[in-house]
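Undergrad: PDB, C-alpha atoms, saved as upload.pdb, coming up:
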```
ATOM      1  CA  THR A   1       0.000   0.000   0.000
ATOM      2  CA  PRO A   2       1.328   3.482  -0.845
ATOM      3  CA  ARG A   3       0.208   4.779   2.549
ATOM      4  CA  MET A   4       2.714   2.567   4.348
ATOM      5  CA  HIS A   5       5.418   1.751   1.837
ATOM      6  CA  LEU A   6       5.603   4.387  -0.930
ATOM      7  CA  SER A   7       8.031   6.421   1.187
ATOM      8  CA  THR A   8       9.948   3.197   2.017
ATOM      9  CA  PHE A   9      10.716   2.445  -1.625
ATOM     10  CA  GLN A  10      11.398   6.101  -2.443
ATOM     11  CA  SER A  11      13.989   6.262   0.340
ATOM     12  CA  VAL A  12      15.600   3.092  -1.062
ATOM     13  CA  LEU A  13      15.929   4.802  -4.443
ATOM     14  CA  GLU A  14      17.449   7.892  -2.808
ATOM     15  CA  ARG A  15      20.051   5.784  -0.997
ATOM     16  CA  ALA A  16      20.917   4.196  -4.351
ATOM     17  CA  ASP A  17      21.382   7.694  -5.877
ATOM     18  CA  LEU A  18      18.290   7.246  -8.053
ATOM     19  CA  ASN A  19      15.506   9.773  -8.465
ATOM     20  CA  PRO A  20      12.651   8.762  -6.073
ATOM     21  CA  TYR A  21      10.054  10.200  -8.449
ATOM     22  CA  MET A  22      10.936   7.648 -11.144
ATOM     23  CA  LEU A  23       8.980   5.073  -9.115
ATOM     24  CA  ASP A  24       5.439   4.067 -10.057
ATOM     25  CA  PHE A  25       3.581   2.281  -7.290
ATOM     26  CA  VAL A  26       0.717  -0.124  -8.070
ATOM     27  CA  ASN A  27      -1.673  -0.567  -5.158
ATOM     28  CA  ILE A  28      -2.763  -4.210  -5.389
ATOM     29  CA  ARG A  29      -3.851  -4.410  -1.759
ATOM     30  CA  GLU A  30      -6.548  -1.737  -1.350
ATOM     31  CA  GLN A  31      -7.541  -1.446  -5.006
ATOM     32  CA  CYS A  32      -7.754  -5.156  -5.756
ATOM     33  CA  SER A  33      -7.255  -7.740  -3.019
ATOM     34  CA  TRP A  34      -9.149  -6.004  -0.218
ATOM     35  CA  THR A  35     -11.828  -4.662  -2.547
ATOM     36  CA  HIS A  36     -12.947  -7.980  -4.054
ATOM     37  CA  GLY A  37     -12.195 -10.571  -1.385
ATOM     38  CA  PRO A  38     -11.634 -14.338  -1.685
ATOM     39  CA  HIS A  39     -14.786 -15.147  -3.674
ATOM     40  CA  ALA A  40     -13.633 -13.306  -6.802
ATOM     41  CA  SER A  41     -10.043 -14.511  -6.871
ATOM     42  CA  ALA A  42      -9.887 -15.165 -10.635
ATOM     43  CA  GLU A  43     -11.333 -11.752 -11.511
ATOM     44  CA  ALA A  44      -9.171 -10.080  -8.873
ATOM     45  CA  THR A  45      -6.044 -11.705 -10.299
ATOM     46  CA  GLU A  46      -6.994 -10.551 -13.784
ATOM     47  CA  LYS A  47      -7.519  -7.032 -12.472
ATOM     48  CA  ALA A  48      -4.153  -7.122 -10.637
ATOM     49  CA  ILE A  49      -2.390  -8.051 -13.879
ATOM     50  CA  SER A  50      -4.175  -5.191 -15.647
ATOM     51  CA  LEU A  51      -3.162  -2.736 -12.909
ATOM     52  CA  ILE A  52       0.465  -3.841 -13.167
ATOM     53  CA  ARG A  53       0.433  -3.459 -16.957
ATOM     54  CA  GLY A  54      -1.034   0.020 -16.566
ATOM     55  CA  GLY A  55       1.598   0.917 -13.992
ATOM     56  CA  TYR A  56       4.363  -0.259 -16.325
ATOM     57  CA  GLU A  57       3.048   1.835 -19.220
ATOM     58  CA  ARG A  58       2.656   4.853 -16.939
ATOM     59  CA  SER A  59       6.227   4.463 -15.663
ATOM     60  CA  LEU A  60       7.547   4.989 -19.195
ATOM     61  CA  GLU A  61       6.257   8.578 -19.050
ATOM     62  CA  LEU A  62       7.726   9.499 -15.651
ATOM     63  CA  GLU A  63      10.138  12.423 -15.389
ATOM     64  CA  PRO A  64      12.929  12.914 -12.814
ATOM     65  CA  LEU A  65      11.415  15.608 -10.590
ATOM     66  CA  GLU A  66      13.408  17.676  -8.115
ATOM     67  CA  THR A  67      12.447  18.794  -4.630
ATOM     68  CA  ILE A  68      12.565  22.574  -4.397
ATOM     69  CA  SER A  69      12.165  24.939  -1.473
ATOM     70  CA  GLU A  70      10.727  28.447  -1.693
ATOM     71  CA  LYS A  71       9.430  31.032   0.687
ATOM     72  CA  GLY A  72       5.646  31.015   1.078
ATOM     73  CA  SER A  73       3.328  33.914   1.813
ATOM     74  CA  ARG A  74       2.300  34.358   5.444
ATOM     75  CA  GLU A  75      -1.078  35.724   4.373
ATOM     76  CA  ILE A  76      -4.150  33.454   4.366
ATOM     77  CA  LEU A  77      -7.417  33.705   2.456
ATOM     78  CA  ILE A  78     -10.640  32.435   4.043
ATOM     79  CA  ILE A  79     -13.642  32.132   1.735
ATOM     80  CA  GLY A  80     -16.839  32.268   3.772
ATOM     81  CA  GLY A  81     -17.644  34.462   6.754
ATOM     82  CA  GLY A  82     -19.879  32.122   8.752
ATOM     83  CA  ILE A  83     -19.036  30.740  12.176
ATOM     84  CA  ALA A  84     -16.357  28.425  10.688
ATOM     85  CA  GLY A  85     -14.655  31.202   8.735
ATOM     86  CA  ILE A  86     -14.882  33.621  11.668
ATOM     87  CA  THR A  87     -13.350  31.090  14.083
ATOM     88  CA  SER A  88     -10.543  30.309  11.616
ATOM     89  CA  ALA A  89      -9.825  34.017  11.109
ATOM     90  CA  LEU A  90      -9.633  34.652  14.862
ATOM     91  CA  GLU A  91      -7.360  31.693  15.573
ATOM     92  CA  LEU A  92      -4.988  32.564  12.713
ATOM     93  CA  GLY A  93      -5.076  36.265  13.535
ATOM     94  CA  TYR A  94      -3.966  35.548  17.097
ATOM     95  CA  LEU A  95      -1.047  33.513  15.708
ATOM     96  CA  GLY A  96       0.136  36.563  13.778
ATOM     97  CA  PHE A  97      -1.001  35.646  10.281
ATOM     98  CA  GLN A  98      -2.517  38.312   8.033
ATOM     99  CA  VAL A  99      -5.989  36.987   7.172
ATOM    100  CA  HIS A 100      -8.298  38.051   4.347
ATOM    101  CA  LEU A 101     -11.892  37.019   5.130
ATOM    102  CA  VAL A 102     -14.145  37.074   2.045
ATOM    103  CA  ASP A 103     -17.930  36.781   2.183
ATOM    104  CA  LYS A 104     -20.475  37.307  -0.583
ATOM    105  CA  ARG A 105     -23.016  38.895   1.763
ATOM    106  CA  PRO A 106     -22.804  42.522   3.005
ATOM    107  CA  SER A 107     -22.097  41.232   6.537
ATOM    108  CA  ILE A 108     -20.241  38.294   7.983
ATOM    109  CA  GLY A 109     -22.222  35.864  10.161
ATOM    110  CA  GLY A 110     -23.486  33.397   7.572
ATOM    111  CA  SER A 111     -26.484  31.175   8.203
ATOM    112  CA  MET A 112     -25.900  31.105  11.964
ATOM    113  CA  ALA A 113     -26.920  34.775  12.116
ATOM    114  CA  LYS A 114     -30.468  33.664  11.216
ATOM    115  CA  LEU A 115     -30.753  31.092  13.988
ATOM    116  CA  THR A 116     -32.362  31.591  17.400
ATOM    117  CA  LYS A 117     -30.926  28.711  19.459
ATOM    118  CA  VAL A 118     -28.335  26.040  18.732
ATOM    119  CA  PHE A 119     -28.324  22.310  19.404
ATOM    120  CA  PRO A 120     -27.754  20.585  21.804
ATOM    121  CA  THR A 121     -27.551  23.170  24.609
ATOM    122  CA  LEU A 122     -30.228  25.522  23.207
ATOM    123  CA  ASP A 123     -27.857  28.434  23.808
ATOM    124  CA  CYS A 124     -28.687  31.733  22.100
ATOM    125  CA  ALA A 125     -27.083  31.655  18.644
ATOM    126  CA  GLN A 126     -26.546  35.407  18.577
ATOM    127  CA  CYS A 127     -24.901  35.297  22.027
ATOM    128  CA  ILE A 128     -22.278  32.928  20.621
ATOM    129  CA  LEU A 129     -21.880  34.515  17.195
ATOM    130  CA  THR A 130     -22.036  38.291  17.571
ATOM    131  CA  PRO A 131     -19.138  38.671  20.079
ATOM    132  CA  ARG A 132     -16.940  36.743  17.633
ATOM    133  CA  MET A 133     -18.162  38.900  14.754
ATOM    134  CA  ALA A 134     -17.232  42.056  16.662
ATOM    135  CA  GLU A 135     -13.882  40.520  17.605
ATOM    136  CA  VAL A 136     -13.065  39.786  13.958
ATOM    137  CA  GLY A 137     -14.115  43.294  12.973
ATOM    138  CA  ARG A 138     -11.588  44.915  15.322
ATOM    139  CA  ASN A 139      -8.734  42.406  14.916
ATOM    140  CA  PRO A 140      -5.865  44.257  13.157
ATOM    141  CA  ASN A 141      -4.699  41.042  11.477
ATOM    142  CA  VAL A 142      -8.061  40.367   9.794
ATOM    143  CA  ASN A 143      -8.978  42.175   6.579
ATOM    144  CA  LEU A 144     -12.743  41.963   5.993
ATOM    145  CA  LEU A 145     -13.793  41.767   2.338
ATOM    146  CA  THR A 146     -17.581  41.603   2.544
ATOM    147  CA  TYR A 147     -19.985  41.801  -0.387
ATOM    148  CA  ALA A 148     -17.205  40.234  -2.435
ATOM    149  CA  GLU A 149     -16.592  37.095  -4.482
ATOM    150  CA  VAL A 150     -13.443  35.297  -5.600
ATOM    151  CA  GLN A 151     -13.109  35.632  -9.371
ATOM    152  CA  ASP A 152      -9.917  33.730 -10.022
ATOM    153  CA  ALA A 153      -7.233  31.787  -8.165
ATOM    154  CA  GLY A 154      -3.941  30.422  -9.458
ATOM    155  CA  GLY A 155      -0.484  29.415  -8.319
ATOM    156  CA  ARG A 156       0.497  26.628  -5.961
ATOM    157  CA  PRO A 157       0.511  25.848  -2.227
ATOM    158  CA  GLY A 158       2.425  28.554  -0.409
ATOM    159  CA  ASN A 159       2.048  31.037  -3.246
ATOM    160  CA  TYR A 160      -1.452  31.618  -4.588
ATOM    161  CA  ASN A 161      -2.524  34.646  -6.601
ATOM    162  CA  VAL A 162      -6.202  35.416  -6.037
ATOM    163  CA  ARG A 163      -8.431  38.043  -7.623
ATOM    164  CA  VAL A 164     -11.415  39.185  -5.534
ATOM    165  CA  PHE A 165     -14.211  41.332  -6.953
ATOM    166  CA  MET A 166     -15.717  43.791  -4.489
ATOM    167  CA  LYS A 167     -19.299  44.074  -5.686
ATOM    168  CA  PRO A 168     -20.771  47.585  -5.988
ATOM    169  CA  ARG A 169     -21.998  48.322  -2.483
ATOM    170  CA  GLY A 170     -22.940  51.936  -3.083
ATOM    171  CA  VAL A 171     -21.854  52.868   0.456
ATOM    172  CA  ASP A 172     -18.340  53.661   1.661
ATOM    173  CA  VAL A 173     -17.854  51.368   4.661
ATOM    174  CA  GLU A 174     -15.269  53.701   6.206
ATOM    175  CA  LYS A 175     -17.535  56.759   6.009
ATOM    176  CA  CYS A 176     -20.889  55.155   6.905
ATOM    177  CA  ARG A 177     -22.026  56.005  10.457
ATOM    178  CA  GLY A 178     -24.939  53.556  10.454
ATOM    179  CA  CYS A 179     -27.439  56.359  11.040
ATOM    180  CA  GLY A 180     -30.098  54.795   8.800
ATOM    181  CA  VAL A 181     -31.121  57.987   6.978
ATOM    182  CA  CYS A 182     -30.759  56.214   3.622
ATOM    183  CA  THR A 183     -33.255  53.538   4.664
ATOM    184  CA  LYS A 184     -35.750  56.101   5.953
ATOM    185  CA  VAL A 185     -35.857  58.074   2.685
ATOM    186  CA  CYS A 186     -35.601  55.117   0.284
ATOM    187  CA  PRO A 187     -38.946  54.633  -1.535
ATOM    188  CA  VAL A 188     -38.293  51.065  -2.771
ATOM    189  CA  MET A 189     -39.547  47.999  -0.882
ATOM    190  CA  VAL A 190     -38.450  44.431  -1.712
ATOM    191  CA  PRO A 191     -38.738  41.030   0.034
ATOM    192  CA  ASP A 192     -36.145  40.586   2.771
ATOM    193  CA  GLU A 193     -34.088  37.467   2.038
ATOM    194  CA  PHE A 194     -32.643  37.495   5.569
ATOM    195  CA  ASN A 195     -36.189  36.846   6.853
ATOM    196  CA  GLU A 196     -36.804  34.271   4.122
ATOM    197  CA  GLY A 197     -39.079  36.704   2.271
ATOM    198  CA  PHE A 198     -41.614  37.000   5.127
ATOM    199  CA  SER A 199     -40.923  40.726   5.566
ATOM    200  CA  GLN A 200     -39.960  43.698   3.436
ATOM    201  CA  ARG A 201     -36.799  45.791   3.391
ATOM    202  CA  LYS A 202     -35.687  48.914   1.556
ATOM    203  CA  ALA A 203     -33.262  48.971  -1.377
ATOM    204  CA  ALA A 204     -30.915  50.796   1.010
ATOM    205  CA  TYR A 205     -30.563  48.473   3.990
ATOM    206  CA  ILE A 206     -28.437  46.766   6.602
ATOM    207  CA  GLU A 207     -28.784  42.967   6.777
ATOM    208  CA  PHE A 208     -29.426  42.778  10.528
ATOM    209  CA  PRO A 209     -28.782  45.083  13.505
ATOM    210  CA  GLN A 210     -25.549  43.348  14.597
ATOM    211  CA  ALA A 211     -24.033  43.348  11.077
ATOM    212  CA  VAL A 212     -20.235  43.545  10.718
ATOM    213  CA  PRO A 213     -19.180  45.787   9.137
ATOM    214  CA  SER A 214     -21.887  48.022  10.599
ATOM    215  CA  ALA A 215     -22.567  49.769   7.302
ATOM    216  CA  TYR A 216     -25.509  50.002   4.932
ATOM    217  CA  VAL A 217     -25.612  48.684   1.381
ATOM    218  CA  ILE A 218     -27.518  49.638  -1.765
ATOM    219  CA  ASP A 219     -29.341  46.833  -3.562
ATOM    220  CA  PHE A 220     -28.692  47.989  -7.130
ATOM    221  CA  ASP A 221     -30.983  45.287  -8.525
ATOM    222  CA  ALA A 222     -33.907  47.104  -6.874
ATOM    223  CA  CYS A 223     -32.594  50.686  -6.591
ATOM    224  CA  THR A 224     -34.237  53.248  -8.897
ATOM    225  CA  LYS A 225     -31.372  55.731  -8.336
ATOM    226  CA  CYS A 226     -33.781  58.429  -7.264
ATOM    227  CA  GLY A 227     -30.867  60.070  -5.420
ATOM    228  CA  LYS A 228     -32.665  60.783  -2.137
ATOM    229  CA  CYS A 229     -30.257  58.715  -0.041
ATOM    230  CA  GLU A 230     -27.177  60.195  -1.706
ATOM    231  CA  LYS A 231     -28.486  63.737  -1.228
ATOM    232  CA  LEU A 232     -29.424  63.348   2.459
ATOM    233  CA  CYS A 233     -26.593  61.119   3.720
ATOM    234  CA  PRO A 234     -24.887  63.244   6.447
ATOM    235  CA  SER A 235     -21.485  61.576   5.987
ATOM    236  CA  LYS A 236     -21.554  61.638   2.157
ATOM    237  CA  ALA A 237     -20.891  57.900   2.134
ATOM    238  CA  ILE A 238     -23.203  56.989  -0.758
ATOM    239  CA  ASP A 239     -22.091  56.615  -4.384
ATOM    240  CA  LEU A 240     -24.899  55.512  -6.708
ATOM    241  CA  GLU A 241     -22.399  55.179  -9.583
ATOM    242  CA  ASP A 242     -20.302  52.601  -7.731
ATOM    243  CA  LYS A 243     -19.038  49.982 -10.210
ATOM    244  CA  GLY A 244     -17.147  47.817  -7.750
ATOM    245  CA  THR A 245     -13.405  47.187  -7.547
ATOM    246  CA  THR A 246     -11.010  44.280  -7.969
ATOM    247  CA  VAL A 247      -8.504  43.344  -5.248
ATOM    248  CA  GLU A 248      -5.374  41.285  -5.965
ATOM    249  CA  LEU A 249      -4.149  39.052  -3.130
ATOM    250  CA  HIS A 250      -1.004  36.947  -2.724
ATOM    251  CA  VAL A 251      -1.610  34.268  -0.099
ATOM    252  CA  GLY A 252       0.088  31.122   1.121
ATOM    253  CA  ALA A 253      -3.038  29.115   1.950
ATOM    254  CA  ILE A 254      -6.765  29.142   1.220
ATOM    255  CA  ILE A 255      -9.484  27.905   3.579
ATOM    256  CA  LEU A 256     -12.885  27.114   2.075
ATOM    257  CA  ALA A 257     -15.604  27.700   4.683
ATOM    258  CA  THR A 258     -18.474  28.299   2.290
ATOM    259  CA  GLY A 259     -21.228  26.807   4.448
ATOM    260  CA  TYR A 260     -24.435  25.554   2.894
ATOM    261  CA  GLU A 261     -27.473  26.580   0.897
ATOM    262  CA  LEU A 262     -30.966  25.389   1.752
ATOM    263  CA  TYR A 263     -32.529  22.855  -0.558
ATOM    264  CA  ASP A 264     -35.424  24.366  -2.493
ATOM    265  CA  ALA A 265     -38.408  22.777  -0.739
ATOM    266  CA  LYS A 266     -40.625  23.687  -3.706
ATOM    267  CA  ASN A 267     -39.115  20.642  -5.428
ATOM    268  CA  LEU A 268     -40.893  18.440  -2.857
ATOM    269  CA  LYS A 269     -44.396  19.084  -4.115
ATOM    270  CA  ASN A 270     -45.847  16.209  -2.094
ATOM    271  CA  TYR A 271     -45.219  18.304   1.043
ATOM    272  CA  GLY A 272     -47.008  21.340  -0.404
ATOM    273  CA  TYR A 273     -44.298  23.944   0.208
ATOM    274  CA  GLY A 274     -45.073  26.936  -1.973
ATOM    275  CA  ILE A 275     -48.623  25.653  -2.474
ATOM    276  CA  TYR A 276     -49.962  25.894   1.079
ATOM    277  CA  GLN A 277     -48.848  29.050   2.874
ATOM    278  CA  ASP A 278     -48.711  27.363   6.285
ATOM    279  CA  VAL A 279     -46.158  24.780   5.137
ATOM    280  CA  ILE A 280     -42.779  26.237   6.158
ATOM    281  CA  THR A 281     -39.138  25.168   6.297
ATOM    282  CA  MET A 282     -36.990  24.877   9.398
ATOM    283  CA  MET A 283     -35.230  28.142   8.522
ATOM    284  CA  ASP A 284     -38.639  29.840   8.144
ATOM    285  CA  LEU A 285     -39.429  28.645  11.676
ATOM    286  CA  GLU A 286     -36.094  30.000  12.927
ATOM    287  CA  ARG A 287     -36.951  33.459  11.634
ATOM    288  CA  PHE A 288     -40.474  33.299  13.120
ATOM    289  CA  THR A 289     -39.099  32.416  16.564
ATOM    290  CA  SER A 290     -36.458  35.166  16.448
ATOM    291  CA  ALA A 291     -37.324  38.296  18.414
ATOM    292  CA  ALA A 292     -35.831  40.296  15.529
ATOM    293  CA  GLY A 293     -37.729  38.258  12.945
ATOM    294  CA  PRO A 294     -40.740  39.184  10.815
ATOM    295  CA  THR A 295     -43.276  38.302  13.542
ATOM    296  CA  GLY A 296     -41.363  39.486  16.612
ATOM    297  CA  GLY A 297     -40.752  35.971  17.905
ATOM    298  CA  TYR A 298     -44.289  34.615  17.470
ATOM    299  CA  VAL A 299     -45.083  31.707  15.165
ATOM    300  CA  LYS A 300     -47.896  33.055  13.017
ATOM    301  CA  ARG A 301     -50.100  31.433  10.427
ATOM    302  CA  ALA A 302     -50.433  33.015   6.988
ATOM    303  CA  ASP A 303     -53.701  34.696   8.038
ATOM    304  CA  GLY A 304     -51.915  36.417  10.963
ATOM    305  CA  SER A 305     -53.331  34.220  13.723
ATOM    306  CA  ASN A 306     -51.096  32.439  16.240
ATOM    307  CA  ALA A 307     -50.183  28.853  15.448
ATOM    308  CA  ARG A 308     -51.502  26.501  18.151
ATOM    309  CA  LYS A 309     -50.193  23.175  16.818
ATOM    310  CA  MET A 310     -47.403  22.118  14.479
ATOM    311  CA  ALA A 311     -46.540  18.855  12.765
TER
END
```
Show me this structure written as structure tokens.
TA:
Amino acid sequence: TPRMHLSTFQSVLERADLNPYMLDFVNIREQCSWTHGPHASAEATEKAISLIRGGYERSLELEPLETISEKGSREILIIGGGIAGITSALELGYLGFQVHLVDKRPSIGGSMAKLTKVFPTLDCAQCILTPRMAEVGRNPNVNLLTYAEVQDAGGRPGNYNVRVFMKPRGVDVEKCRGCGVCTKVCPVMVPDEFNEGFSQRKAAYIEFPQAVPSAYVIDFDACTKCGKCEKLCPSKAIDLEDKGTTVELHVGAIILATGYELYDAKNLKNYGYGIYQDVITMMDLERFTSAAGPTGGYVKRADGSNARKMA
């Protein structure tokens, strides 16, 4: 098996002054003997012969590689700003690494920011998450790149070149005071995806009160560019002509902490989601039971009455 003995045979080649990368290793044990067992011995033997022939042909194309050493970047890219990405950023930041935390949403927090309590202790999700969010926001070794997506990544371990597109936010994060004037004067209402569409938000909005960074964002897909927010913003933080920017990063390692997306329950028509208004998903229930949710923490039926029983 290569797991146990590939390095054994490579070290033998090195001691014989031969290039260790001119070895091709055929794994008869895990890929043949252990896979098929004693009741398929004839077929397993035939397969073993085929594997050996393939290994021989492959060995004819091997090249004498050389081990090289080069300095790697001490910067680290984390893709995903949920609880996993936040925890990784904090741990690495404390160790002295420069961390770039990228999230496609306007705020870090991920799906956990929508939850009310967490299993198995039923602790408050926000009580666990928001202190860590604030900690990441003020950590000098963590560079937050929210409302951004990785466009391209190349290179090799230790030296990756990554291009990140900062989507047009319409609000300068450094200038925004979080006063909310833009939301008050915005005339456009759209379904709020943070509340699973059960409430409305403005085209100028902040995802949730504890958002990090604590800055508003313009939803350009809904914005009519009426200019009211730009005109009345006291800190002059709004730019309705924002086209976004591209950031080039050179990092030594990349952590993927991209979380999950909910399955579209409308595909399960036998359960009636999307057909019957009182059929909801677990995440819908989480938002209903949240004090900051669309119903103020009460589980309501579609007609506005309180739910008395659930199945």
Undergrad: Which distance in Å separates CA of Asp123 (chain A) and CA of Asp284 (chain A), to one decimal?
TA: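 Computing it gives 19.1 Å between the two atoms.
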Undergrad: Which residues, named as in the file, does the PyMOL selection byres ((chain A and resi 32) around 10) pick out? Answer as an MDAnalysis selection string.
TA: chainID A and resid 27:31 33:37 41 43:48 51
Undergrad: Could you give me, as JSON lines, a per-residue list for region 66-112 of chain A showing, wherever an atom lies at most 12 Å from an atom of region 164-184 of chain A, the closest pair of atoms and their distance in Å to one decimal, using only C-alpha atoms and sorting by chain then residue number from low to high?
TA:
```
{"residue": "A:Leu77", "atom": "CA", "partner": "A:Val164", "partner_atom": "CA", "distance": 10.5}
{"residue": "A:Ile78", "atom": "CA", "partner": "A:Val164", "partner_atom": "CA", "distance": 11.7}
{"residue": "A:Ile79", "atom": "CA", "partner": "A:Val164", "partner_atom": "CA", "distance": 10.4}
{"residue": "A:His100", "atom": "CA", "partner": "A:Val164", "partner_atom": "CA", "distance": 10.4}
{"residue": "A:Leu101", "atom": "CA", "partner": "A:Val164", "partner_atom": "CA", "distance": 10.9}
{"residue": "A:Val102", "atom": "CA", "partner": "A:Val164", "partner_atom": "CA", "distance": 8.3}
{"residue": "A:Asp103", "atom": "CA", "partner": "A:Met166", "partner_atom": "CA", "distance": 9.9}
{"residue": "A:Lys104", "atom": "CA", "partner": "A:Lys167", "partner_atom": "CA", "distance": 8.6}
{"residue": "A:Arg105", "atom": "CA", "partner": "A:Lys167", "partner_atom": "CA", "distance": 9.8}
{"residue": "A:Pro106", "atom": "CA", "partner": "A:Arg169", "partner_atom": "CA", "distance": 8.0}
{"residue": "A:Ser107", "atom": "CA", "partner": "A:Val173", "partner_atom": "CA", "distance": 11.1}
```
Undergrad: Could you turn the residues from that selection into a file that holds C-alpha atoms, as a CSV table (one decimal), in the frame of the given file?
TA:
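Full text of out35.csv as output:
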```csv
chain,number,residue,atom,x,y,z
A,77,LEU,CA,-7.4,33.7,2.5
A,78,ILE,CA,-10.6,32.4,4.0
A,79,ILE,CA,-13.6,32.1,1.7
A,100,HIS,CA,-8.3,38.1,4.3
A,101,LEU,CA,-11.9,37.0,5.1
A,102,VAL,CA,-14.1,37.1,2.0
A,103,ASP,CA,-17.9,36.8,2.2
A,104,LYS,CA,-20.5,37.3,-0.6
A,105,ARG,CA,-23.0,38.9,1.8
A,106,PRO,CA,-22.8,42.5,3.0
A,107,SER,CA,-22.1,41.2,6.5
```
Undergrad: Tell me which protein, DNA and RNA residues are within 9 Å of region 198-209 of chain A, counting all atoms listed in the file, leaving out same-chain ones fewer than 2 positions away, and put them as a ChimeraX atom specification.
TA: /A:105-107,113,178,180,182-196,211,214-224,229,284,287-288,292-295
Undergrad: Return as lines of an AutoDock Vina configuration file the box centre and box size in Å, one decimal, for an axis-aligned box around all listed atoms of region 108-124 of chain A padded by 6 Å per side.
TA:
```
center_x = -26.3
center_y = 29.4
center_z = 16.1
size_x = 24.1
size_y = 29.7
size_z = 29.0
```
Undergrad: Please list as a PyMOL selection string every residue within 9 Å of Leu23 (chain A), counting all atoms listed in the file and excluding residues in the same chain fewer than 4 positions away.
TA: chain A and resi 6+9-10+13+19+59+62
Undergrad: Determine, counting only C-alpha atoms, every residue of protein, DNA or RNA that lies within 8 Å of (0.9, 27.2, -1.7) in the file coordinates, then give the result as a PyMOL selection string.
TA: chain A and resi 72-73+155-160+251-253
Undergrad: Carefully work through the PyMOL selection byres ((chain A and resi 110) around 7) for this structure and note down the residues it includes, as an mmCIF file with C-alpha atoms, keeping the file's coordinate frame.
TA:
```cif
data_model
loop_
_atom_site.group_PDB
_atom_site.id
_atom_site.type_symbol
_atom_site.label_atom_id
_atom_site.label_comp_id
_atom_site.auth_asym_id
_atom_site.auth_seq_id
_atom_site.Cartn_x
_atom_site.Cartn_y
_atom_site.Cartn_z
ATOM 1 C CA GLY A 81 -17.644 34.462 6.754
ATOM 2 C CA GLY A 82 -19.879 32.122 8.752
ATOM 3 C CA ILE A 83 -19.036 30.740 12.176
ATOM 4 C CA ILE A 108 -20.241 38.294 7.983
ATOM 5 C CA GLY A 109 -22.222 35.864 10.161
ATOM 6 C CA SER A 111 -26.484 31.175 8.203
ATOM 7 C CA MET A 112 -25.900 31.105 11.964
ATOM 8 C CA ALA A 113 -26.920 34.775 12.116
#
```
Undergrad: Would you work out the distance separating CA of Leu60 (chain A) from CA of Gly154 (chain A), expressed in Å to one decimal?
TA: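 One can read the CA of Leu60 (chain A) to CA of Gly154 (chain A) distance as 29.6 Å.
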Undergrad: Using all atoms listed in the file, pick whichever of A:Ala291, A:Leu268, A:Val136, A:Ala237 has the shortest atom-to-atom distance to Gly85 (chain A).
TA: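 Of all the options, A:Val136 lies closest to Gly85 (chain A).
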Undergrad: Using all atoms listed in the file, which residue out of A:Ser305, A:Ser290, A:Thr245, A:Met310 lies closest to Thr116 (chain A)?
TA: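 Comparing A:Ser305, A:Ser290, A:Thr245, A:Met310 against Thr116 (chain A), the winner is A:Ser290.
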Undergrad: For CA of Val26 (chain A) and CA of Arg58 (chain A), determine how far apart the two atoms are, in Å to one decimal place.
TA: 10.4 Å
Undergrad: Write out as a CSV table (one decimal) with C-alpha atoms, in the frame of the given file the residues lying within 12 Å of Leu95 (chain A), counting all atoms listed in the file and excluding same-chain residues fewer than 2 positions away.
TA:
```
chain,number,residue,atom,x,y,z
A,74,ARG,CA,2.3,34.4,5.4
A,75,GLU,CA,-1.1,35.7,4.4
A,76,ILE,CA,-4.2,33.5,4.4
A,88,SER,CA,-10.5,30.3,11.6
A,89,ALA,CA,-9.8,34.0,11.1
A,90,LEU,CA,-9.6,34.7,14.9
A,91,GLU,CA,-7.4,31.7,15.6
A,92,LEU,CA,-5.0,32.6,12.7
A,93,GLY,CA,-5.1,36.3,13.5
A,97,PHE,CA,-1.0,35.6,10.3
A,98,GLN,CA,-2.5,38.3,8.0
A,99,VAL,CA,-6.0,37.0,7.2
A,139,ASN,CA,-8.7,42.4,14.9
A,141,ASN,CA,-4.7,41.0,11.5
A,142,VAL,CA,-8.1,40.4,9.8
```
Undergrad: If the PyMOL selection byres ((chain A and resi 278) around 12) were run on this exact file, what residues would it hold? Put them as a list in words.
TA: Tyr271, Gly272, Tyr273, Gly274, Ile275, Tyr276, Gln277, Val279, Ile280, Thr281, Asp284, Leu285, Val299, Lys300, Arg301, Ala302, Asp303, Gly304, Ser305, Asn306, Ala307, Lys309, Met310 and Ala311 of chain A
Undergrad: Given the choices A:Val118, A:Ala257, A:Ala153, A:Val12, which gets closest to Gly80 (chain A) if the distance is worked out from only C-alpha atoms?
TA: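 Using only C-alpha atoms, the shortest distance to Gly80 (chain A) belongs to A:Ala257.
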